[in-house]
file data-v4.csv (CSV, C-alpha atoms)
chain,number,residue,atom,x,y,z
A,289,MET,CA,167.7,237.3,32.4
A,290,ALA,CA,170.7,235.6,30.9
A,291,LYS,CA,174.1,236.0,32.5
A,292,MET,CA,176.6,238.1,30.7
A,293,ASN,CA,180.2,237.1,30.1
A,294,THR,CA,182.3,238.7,32.8
A,295,ARG,CA,185.9,239.4,33.6
A,296,SER,CA,187.2,238.1,36.8
A,297,SER,CA,189.4,240.0,39.2
A,298,PRO,CA,191.9,237.8,41.0
A,299,ALA,CA,191.8,240.0,44.1
A,300,LYS,CA,188.0,239.5,44.4
A,301,ASN,CA,188.1,235.8,43.9
A,302,PRO,CA,190.8,234.3,46.1
A,303,ASP,CA,189.1,230.9,46.3
A,304,HIS,CA,189.0,230.6,42.6
A,305,ASN,CA,192.5,231.6,41.7
A,306,SER,CA,195.3,229.0,41.4
A,307,PRO,CA,198.2,231.2,40.3
A,308,LEU,CA,199.4,230.9,36.7
A,309,LYS,CA,202.8,229.3,36.5
A,310,SER,CA,205.0,228.9,33.4
A,311,GLN,CA,206.1,225.4,32.7
A,312,GLY,CA,209.3,226.6,31.0
A,313,VAL,CA,208.8,224.4,28.0
A,314,THR,CA,208.9,227.0,25.2
A,315,LYS,CA,211.9,228.5,23.5
A,316,ASN,CA,212.4,232.3,23.5
A,317,PRO,CA,210.1,232.9,26.4
A,318,SER,CA,210.0,236.7,25.7
A,319,MET,CA,208.3,235.9,22.4
A,320,GLN,CA,205.6,234.0,24.2
A,321,LEU,CA,204.3,236.8,26.4
A,322,CYS,CA,200.6,237.7,26.1
A,323,ARG,CA,199.7,240.6,23.8
A,324,PHE,CA,196.0,239.9,23.5
A,325,THR,CA,194.3,242.7,25.4
A,326,ASP,CA,190.9,243.0,27.1
A,327,PRO,CA,189.3,244.9,24.2
A,328,GLU,CA,190.4,242.1,21.8
A,329,VAL,CA,189.0,239.5,24.2
A,330,ASP,CA,185.7,241.4,24.2
A,331,GLN,CA,185.4,240.9,20.5
A,332,LEU,CA,185.5,237.1,21.0
A,333,ARG,CA,182.9,237.0,23.8
A,334,SER,CA,180.1,235.8,21.6
A,335,CYS,CA,182.2,232.7,20.8
A,336,PHE,CA,181.5,231.5,24.4
A,337,HIS,CA,178.4,230.8,26.3
A,338,ASP,CA,176.8,233.3,28.6
A,339,GLY,CA,178.5,233.4,32.1
A,340,THR,CA,182.0,232.6,30.9
A,341,ILE,CA,184.6,234.4,33.0
A,342,PHE,CA,187.7,235.7,31.4
A,343,ARG,CA,190.9,236.6,33.3
A,344,PRO,CA,192.0,240.2,33.0
A,345,PHE,CA,194.8,240.9,30.6
A,346,ASP,CA,198.3,240.5,32.1
A,347,SER,CA,201.3,241.2,29.9
A,348,SER,CA,203.6,239.1,32.1
A,349,THR,CA,201.8,235.8,31.4
A,350,LYS,CA,203.3,233.3,28.9
A,351,SER,CA,201.6,230.9,26.6
A,352,ASP,CA,202.8,227.9,28.6
A,353,CYS,CA,201.3,229.1,31.8
A,354,VAL,CA,199.2,226.5,33.5
A,355,SER,CA,196.8,226.6,36.5
A,356,ASP,CA,194.1,224.5,38.2
A,357,THR,CA,191.8,227.5,37.8
A,358,TRP,CA,192.4,228.9,34.3
A,359,ILE,CA,192.3,227.4,30.8
A,360,THR,CA,194.5,228.9,28.1
A,361,PHE,CA,192.8,229.5,24.8
A,362,PRO,CA,194.5,230.7,21.7
A,363,ALA,CA,192.7,233.4,19.9
A,364,ALA,CA,193.3,231.9,16.4
A,365,PRO,CA,190.4,229.4,16.3
A,366,PHE,CA,187.8,232.0,17.2
A,367,LYS,CA,189.2,234.5,14.7
A,368,ILE,CA,188.6,232.0,11.9
A,369,GLY,CA,185.1,231.0,12.9
A,370,PHE,CA,185.1,228.4,15.8
A,371,THR,CA,183.0,228.7,18.9
A,372,TYR,CA,183.3,226.9,22.2
A,373,PRO,CA,182.5,224.1,23.0
A,374,PHE,CA,184.3,222.8,19.9
A,375,THR,CA,182.8,220.4,17.4
A,376,VAL,CA,183.3,216.7,17.8
A,377,LEU,CA,186.2,216.1,15.4
A,378,THR,CA,188.1,219.0,16.8
A,379,GLN,CA,187.6,218.1,20.5
A,380,SER,CA,188.2,214.4,19.7
A,381,PHE,CA,191.7,215.4,18.4
A,382,PHE,CA,192.6,217.2,21.6
A,383,THR,CA,191.1,214.6,23.9
A,384,LEU,CA,192.8,211.6,22.3
A,385,THR,CA,196.2,213.3,21.9
A,386,GLY,CA,196.0,215.0,25.4
A,387,LEU,CA,197.2,218.3,23.9
A,388,CYS,CA,196.2,221.6,25.4
A,389,TYR,CA,194.6,223.9,22.9
A,390,ILE,CA,197.5,226.3,22.9
A,391,GLN,CA,199.9,223.5,21.8
A,392,ALA,CA,198.3,223.3,18.3
A,393,MET,CA,200.0,225.4,15.7
A,394,LEU,CA,197.9,227.8,13.6
A,395,MET,CA,197.7,225.4,10.6
A,396,VAL,CA,196.1,222.7,12.8
A,397,TRP,CA,193.2,225.0,13.5
A,398,ARG,CA,192.8,226.0,9.9
A,399,LEU,CA,192.9,222.4,8.8
A,400,LEU,CA,190.4,221.3,11.4
A,401,TYR,CA,188.1,224.1,10.5
A,402,THR,CA,188.2,223.1,6.8
A,403,LEU,CA,187.5,219.4,7.7
A,404,GLU,CA,184.6,220.5,9.9
A,405,HIS,CA,183.2,222.4,6.9
A,406,ILE,CA,183.5,219.3,4.7
A,407,ILE,CA,181.7,217.2,7.3
A,408,GLU,CA,179.0,219.8,7.4
A,409,GLN,CA,178.6,220.6,3.7
A,410,GLU,CA,179.7,217.4,1.9
A,411,GLY,CA,178.3,214.8,4.3
A,412,ILE,CA,181.6,212.9,4.6
A,413,ASP,CA,181.8,211.7,8.3
A,414,ILE,CA,185.4,212.4,8.9
A,415,GLY,CA,186.7,211.3,12.3
A,416,MET,CA,190.1,210.6,13.9
A,417,SER,CA,190.5,207.4,11.9
A,418,GLU,CA,190.2,209.2,8.6
A,419,LEU,CA,192.4,212.1,9.9
A,420,SER,CA,195.2,209.6,10.8
A,421,GLN,CA,195.1,208.2,7.3
A,422,LEU,CA,195.5,211.7,5.8
A,423,TYR,CA,198.2,213.2,8.1
A,424,ASN,CA,201.0,212.4,10.5
A,425,LEU,CA,201.2,214.5,13.7
A,426,VAL,CA,204.7,216.0,14.2
A,427,SER,CA,206.3,218.3,16.7
A,428,HIS,CA,207.3,221.8,15.6
A,429,GLY,CA,209.5,222.2,18.6
A,430,SER,CA,208.7,223.4,22.1
A,431,TYR,CA,206.0,220.8,22.3
A,432,ARG,CA,203.8,222.5,19.7
A,433,TYR,CA,202.3,220.3,17.0
A,434,LEU,CA,201.3,220.4,13.4
A,435,PHE,CA,200.0,218.1,10.7
A,436,LYS,CA,202.3,216.7,8.0
A,437,SER,CA,200.8,215.0,4.9
A,438,LYS,CA,201.7,211.4,4.3
A,439,PRO,CA,204.9,210.7,2.3
A,440,GLN,CA,204.4,210.6,-1.5
A,441,LYS,CA,200.9,211.9,-1.1
A,442,PRO,CA,199.4,215.3,-2.2
A,443,LEU,CA,198.3,217.8,0.4
A,444,PRO,CA,194.8,216.8,1.7
A,445,ILE,CA,193.9,220.4,2.8
A,446,LEU,CA,195.4,223.3,0.9
A,447,LYS,CA,196.6,226.7,2.0
A,448,THR,CA,196.7,226.1,5.7
A,449,THR,CA,200.3,227.4,6.2
A,450,LYS,CA,199.9,231.1,5.6
A,451,ASN,CA,202.4,232.8,7.9
A,452,ASP,CA,201.2,234.7,10.9
A,453,THR,CA,204.0,235.6,13.3
A,454,ASN,CA,201.8,237.1,16.0
A,455,TRP,CA,199.5,234.1,16.8
A,456,ARG,CA,201.7,232.9,19.6
A,457,ASN,CA,201.2,236.1,21.6
A,458,GLN,CA,197.4,236.0,21.0
A,459,PHE,CA,195.9,234.0,23.8
A,460,PHE,CA,193.7,234.5,26.9
A,461,PHE,CA,192.4,232.7,29.9
A,462,VAL,CA,189.0,231.4,30.9
A,463,ARG,CA,188.0,230.2,34.3
A,464,ARG,CA,187.5,226.4,34.3
A,465,ASP,CA,184.4,226.3,36.4
A,466,SER,CA,182.6,228.9,34.2
A,467,THR,CA,182.7,226.9,30.9
A,468,PRO,CA,181.4,223.4,30.0
A,469,ASN,CA,183.7,220.5,30.9
A,470,GLY,CA,186.4,223.0,31.9
A,471,ASN,CA,187.5,221.0,34.9
A,472,GLN,CA,188.1,217.9,32.7
A,473,LEU,CA,190.5,219.7,30.3
A,474,PRO,CA,194.3,219.3,30.7
A,475,LYS,CA,196.0,221.3,33.4
A,476,LYS,CA,199.5,221.1,31.9
A,477,TRP,CA,201.0,220.8,28.5
A,478,ASN,CA,201.5,217.2,27.1
A,479,THR,CA,205.2,216.7,26.8
A,480,ASP,CA,205.1,213.0,25.9
A,481,ALA,CA,205.7,211.7,22.4
A,482,ILE,CA,202.5,211.8,20.4
A,483,SER,CA,201.4,210.0,17.3
A,484,LEU,CA,198.2,209.2,15.4
A,485,SER,CA,199.6,205.9,14.1
A,486,TYR,CA,197.9,203.8,16.8
A,487,ILE,CA,194.5,204.6,15.4
A,488,GLN,CA,193.2,201.6,13.5
A,489,LYS,CA,191.4,201.9,10.1
A,490,SER,CA,188.5,200.0,8.9
A,491,PRO,CA,186.7,199.4,5.6
A,492,VAL,CA,184.5,202.4,6.5
A,493,THR,CA,187.6,204.5,6.9
A,494,GLU,CA,188.9,203.6,3.5
A,495,GLU,CA,185.6,204.5,1.9
A,496,ARG,CA,185.4,207.9,3.5
A,497,VAL,CA,189.0,208.7,2.6
A,498,LYS,CA,188.3,207.8,-1.0
A,499,ALA,CA,185.3,210.1,-0.9
A,500,PHE,CA,187.4,212.8,0.5
A,501,TRP,CA,190.0,212.6,-2.3
A,502,LYS,CA,187.2,212.9,-4.9
A,503,LEU,CA,186.4,216.4,-3.6
A,504,ASP,CA,187.2,219.3,-5.8
A,505,HIS,CA,190.4,221.2,-4.8
A,506,ALA,CA,188.4,224.3,-4.0
A,507,ILE,CA,186.4,222.4,-1.3
A,508,ARG,CA,189.7,221.1,0.2
A,509,THR,CA,191.2,224.6,0.5
A,510,PHE,CA,191.2,226.8,3.6
A,511,PRO,CA,189.8,230.3,2.7
A,512,LEU,CA,192.6,232.8,2.8
A,513,LYS,CA,190.7,235.8,4.0
A,514,SER,CA,190.9,238.3,6.8
A,515,GLU,CA,190.9,236.8,10.3
A,516,ASP,CA,190.0,240.0,12.0
A,517,PRO,CA,187.4,239.3,14.7
A,518,GLU,CA,185.4,242.4,13.9
A,519,GLU,CA,185.0,241.4,10.3
A,520,ILE,CA,184.1,237.8,11.2
A,521,SER,CA,181.5,238.8,13.8
A,522,SER,CA,179.8,240.9,11.1
A,523,THR,CA,179.4,238.1,8.6
A,524,SER,CA,177.9,234.6,8.4
A,525,TYR,CA,181.4,233.1,8.3
A,526,THR,CA,181.4,231.7,11.8
A,527,MET,CA,180.7,228.0,12.3
A,528,SER,CA,177.7,228.8,14.6
A,529,SER,CA,175.5,231.0,12.5
A,530,ALA,CA,173.2,228.7,10.5
A,531,GLY,CA,172.0,226.2,13.1
A,532,LYS,CA,171.0,223.7,10.4
A,533,SER,CA,173.2,220.6,10.8
A,534,SER,CA,173.2,218.0,13.5
A,535,LYS,CA,176.3,216.2,12.2
A,536,SER,CA,179.2,218.6,12.9
A,537,ALA,CA,177.0,220.5,15.3
A,538,SER,CA,177.1,217.5,17.7
A,539,ARG,CA,178.4,218.3,21.1
A,540,PHE,CA,180.7,216.2,23.2
A,541,SER,CA,181.3,215.3,26.8
A,542,VAL,CA,185.0,215.1,27.6
A,543,SER,CA,184.3,212.2,29.9
A,544,ASP,CA,182.6,210.3,27.0
A,545,LEU,CA,185.6,210.8,24.8
A,546,GLN,CA,188.0,209.8,27.6
A,547,GLU,CA,185.9,206.6,28.1
A,548,TYR,CA,186.5,205.8,24.4
A,549,ALA,CA,190.2,206.5,24.7
A,550,SER,CA,190.3,204.2,27.7
A,551,SER,CA,188.4,201.4,25.9
A,552,ARG,CA,191.0,201.6,23.1
A,553,SER,CA,193.8,201.2,25.7
A,554,ILE,CA,195.5,204.4,24.6
A,555,LYS,CA,198.7,204.7,26.5
A,556,LYS,CA,200.2,207.8,27.9
A,557,GLU,CA,203.5,207.4,26.1
A,558,LEU,CA,202.9,206.9,22.4
A,559,ALA,CA,205.5,206.2,19.8
A,560,ALA,CA,206.6,209.3,18.0
A,561,SER,CA,206.2,209.4,14.2
A,562,SER,CA,209.0,210.6,12.2
A,563,SER,CA,189.9,227.8,-2.1
A,564,ILE,CA,186.9,226.2,-0.1
A,565,PRO,CA,183.8,228.1,-1.1
A,566,GLU,CA,182.5,230.7,1.4
A,567,PRO,CA,180.8,228.7,4.1
A,568,LYS,CA,177.1,229.2,4.3
A,569,GLY,CA,177.3,229.0,8.0
A,570,MET,CA,177.8,226.0,10.3
A,571,SER,CA,176.0,225.1,13.4
A,572,THR,CA,178.6,224.4,16.1
A,573,ARG,CA,177.5,226.8,18.8
A,574,GLY,CA,176.5,225.5,22.2
A,575,LYS,CA,175.1,227.5,25.1
A,576,GLY,CA,175.9,226.2,28.6
A,577,ALA,CA,176.7,222.8,29.8
A,578,ASN,CA,174.0,220.6,28.1
A,579,LYS,CA,173.6,216.9,28.6
A,580,TRP,CA,174.6,214.7,25.8
A,581,LYS,CA,173.7,211.2,24.5
A,582,THR,CA,175.7,209.1,22.1
A,583,ALA,CA,174.7,208.6,18.4
A,584,GLU,CA,175.3,205.4,16.6
A,585,PRO,CA,178.9,204.3,17.1
A,586,THR,CA,181.2,203.6,14.1
A,587,GLU,CA,183.7,200.8,14.3
A,588,GLY,CA,187.2,202.0,14.9
A,589,LEU,CA,186.2,205.7,15.4
A,590,PRO,CA,185.4,207.9,18.4
A,591,THR,CA,181.6,207.9,19.1
A,592,ARG,CA,180.0,211.1,18.0
A,593,PHE,CA,177.7,212.9,20.4
A,594,LYS,CA,174.4,214.7,19.8
A,595,SER,CA,172.8,217.3,22.0
A,596,THR,CA,169.6,216.1,23.7
A,597,SER,CA,168.5,219.7,24.3
A,598,PRO,CA,166.6,221.6,21.6
A,599,ARG,CA,168.5,224.2,19.6
call {"tool": "encode", "arguments": {"input": "data-v4.csv", "output": "structure tokens"}}
result
Amino acid sequence: MAKMNTRSSPAKNPDHNSPLKSQGVTKNPSMQLCRFTDPEVDQLRSCFHDGTIFRPFDSSTKSDCVSDTWITFPAAPFKIGFTYPFTVLTQSFFTLTGLCYIQAMLMVWRLLYTLEHIIEQEGIDIGMSELSQLYNLVSHGSYRYLFKSKPQKPLPILKTTKNDTNWRNQFFFVRRDSTPNGNQLPKKWNTDAISLSYIQKSPVTEERVKAFWKLDHAIRTFPLKSEDPEEISSTSYTMSSAGKSSKSASRFSVSDLQEYASSRSIKKELAASSSIPEPKGMSTRGKGANKWKTAEPTEGLPTRFKSTSPR
């Protein structure tokens, strides 16, 4: 019988509870307090594999709280259709920048979601090299980051900046040892200068970027629709429902991506740089910590990974 997702009680798990501690890096700390309650977390349980342990709601926790035991997840990606583990492009972005998931502004998740859909439906293999040619990564303050289109260039992905003032308060915590690769994810916010400019392009990159710009505006547009988890769970909108593609459904090992980053001599301190159609369903869901093998590498890009276990 499969394990069910559970909620941990700190008092009952003293050996698995490094206390949460605020890093003090955000402005207006009172605006960063958690307001995402247990019933709301319950609506997102299906986005994680069986056996995932969630920390009980605590209104005193802040979004910049860190711990050796717990990972902070924003609710936003799961409300628009992501599941965890994330797809390769999305996880590559966080691994190569060293950002925690909670450091990404809402528009980052919308943009990555749309790019994952393009990979899935249009067959354009977009990776970090292509992303670096389309956008600059800039700080929005308090060590949170967003994408900014290149100067004198049109917006690559449209309608990703719809205002949502509540997303900063919507986060929750998952125990590291209960989720795939949890112990390899960052245990504190990245406060170094970050840029995508170090990523080298190749002729393949240029061809893919040209193919991207040929796409219709509707395909390059994030769907402005309700992000209510109840609505999403009742539709085929999530990225895990179809189970058809192997390209964007590829899974990753954080250590594999870190090995790539090391081979590229990515330094810790980097120089700072100044409507799609309704998805038919995307296969990005993974259950448990599977073993992964590498697919064919592409010059100048992070290697993509494909699950060796049957879907």
call {"tool": "closest_residue", "arguments": {"input": "data-v4.csv", "among": "A:Gln488, A:Thr371, A:Thr402, A:Ser437", "to": "A:Asn424", "atoms": "only C-alpha atoms"}}
result
A:Ser437
call {"tool": "residues_around", "arguments": {"input": "data-v4.csv", "residues": "stretch 307-323 of chain A", "least_positions_apart": "4", "cutoff": "6 Å", "atoms": "all atoms listed in the file", "output": "list in words"}}
result
Ser347, Thr349, Lys350, Ser351, Asp352, Cys353, Val354, Ser355, Ser430, Asn457 and Gln458 of chain A
call {"tool": "atom_distance", "arguments": {"input": "data-v4.csv", "atom1": "atom CA of A:Thr493", "atom2": "atom CA of A:Ser417"}}
result
6.5 Å
call {"tool": "atom_distance", "arguments": {"input": "data-v4.csv", "atom1": "atom CA of A:Ser466", "atom2": "atom CA of A:Thr479"}}
result
26.7 Å
call {"tool": "atom_distance", "arguments": {"input": "data-v4.csv", "atom1": "atom CA of A:Thr340", "atom2": "atom CA of A:Ile406"}}
result
29.4 Å
call {"tool": "closest_residue", "arguments": {"input": "data-v4.csv", "among": "A:Asp346, A:Glu410, A:Asp452, A:Glu328", "to": "A:Met393", "atoms": "all atoms listed in the file"}}
result
A:Asp452
call {"tool": "closest_residue", "arguments": {"input": "data-v4.csv", "among": "A:Thr385, A:Gln331, A:Gln421, A:Asn471", "to": "A:Trp501", "atoms": "all atoms listed in the file"}}
result
A:Gln421
call {"tool": "closest_residue", "arguments": {"input": "data-v4.csv", "among": "A:Pro442, A:Phe460, A:Ile407, A:Gly429", "to": "A:Phe366", "atoms": "all atoms listed in the file"}}
result
A:Phe460
call {"tool": "closest_residue", "arguments": {"input": "data-v4.csv", "among": "A:His337, A:Lys502, A:Lys436, A:Arg496", "to": "A:Leu484", "atoms": "only C-alpha atoms"}}
result
A:Lys436
call {"tool": "residues_near_point", "arguments": {"input": "data-v4.csv", "point": "(197.2, 218.7, -2.0)", "cutoff": "10 Å", "atoms": "all atoms listed in the file", "output": "mmCIF file with C-alpha atoms, keeping the file's coordinate frame"}}
result
data_model
loop_
_atom_site.group_PDB
_atom_site.id
_atom_site.type_symbol
_atom_site.label_atom_id
_atom_site.label_comp_id
_atom_site.auth_asym_id
_atom_site.auth_seq_id
_atom_site.Cartn_x
_atom_site.Cartn_y
_atom_site.Cartn_z
ATOM 1 C CA SER A 437 200.800 215.000 4.900
ATOM 2 C CA LYS A 441 200.900 211.900 -1.100
ATOM 3 C CA PRO A 442 199.400 215.300 -2.200
ATOM 4 C CA LEU A 443 198.300 217.800 0.400
ATOM 5 C CA PRO A 444 194.800 216.800 1.700
ATOM 6 C CA ILE A 445 193.900 220.400 2.800
ATOM 7 C CA LEU A 446 195.400 223.300 0.900
ATOM 8 C CA LYS A 447 196.600 226.700 2.000
ATOM 9 C CA TRP A 501 190.000 212.600 -2.300
ATOM 10 C CA HIS A 505 190.400 221.200 -4.800
ATOM 11 C CA ARG A 508 189.700 221.100 0.200
ATOM 12 C CA THR A 509 191.200 224.600 0.500
#
call {"tool": "closest_residue", "arguments": {"input": "data-v4.csv", "among": "A:Ala392, A:Ala499, A:Ala506, A:Val376", "to": "A:Val426", "atoms": "only C-alpha atoms"}}
result
A:Ala392
call {"tool": "residues_around", "arguments": {"input": "data-v4.csv", "residues": "A:Cys388", "least_positions_apart": "2", "cutoff": "7 Å", "atoms": "only C-alpha atoms", "output": "PyMOL selection string"}}
result
chain A and resi 382+386+390-391+474+477
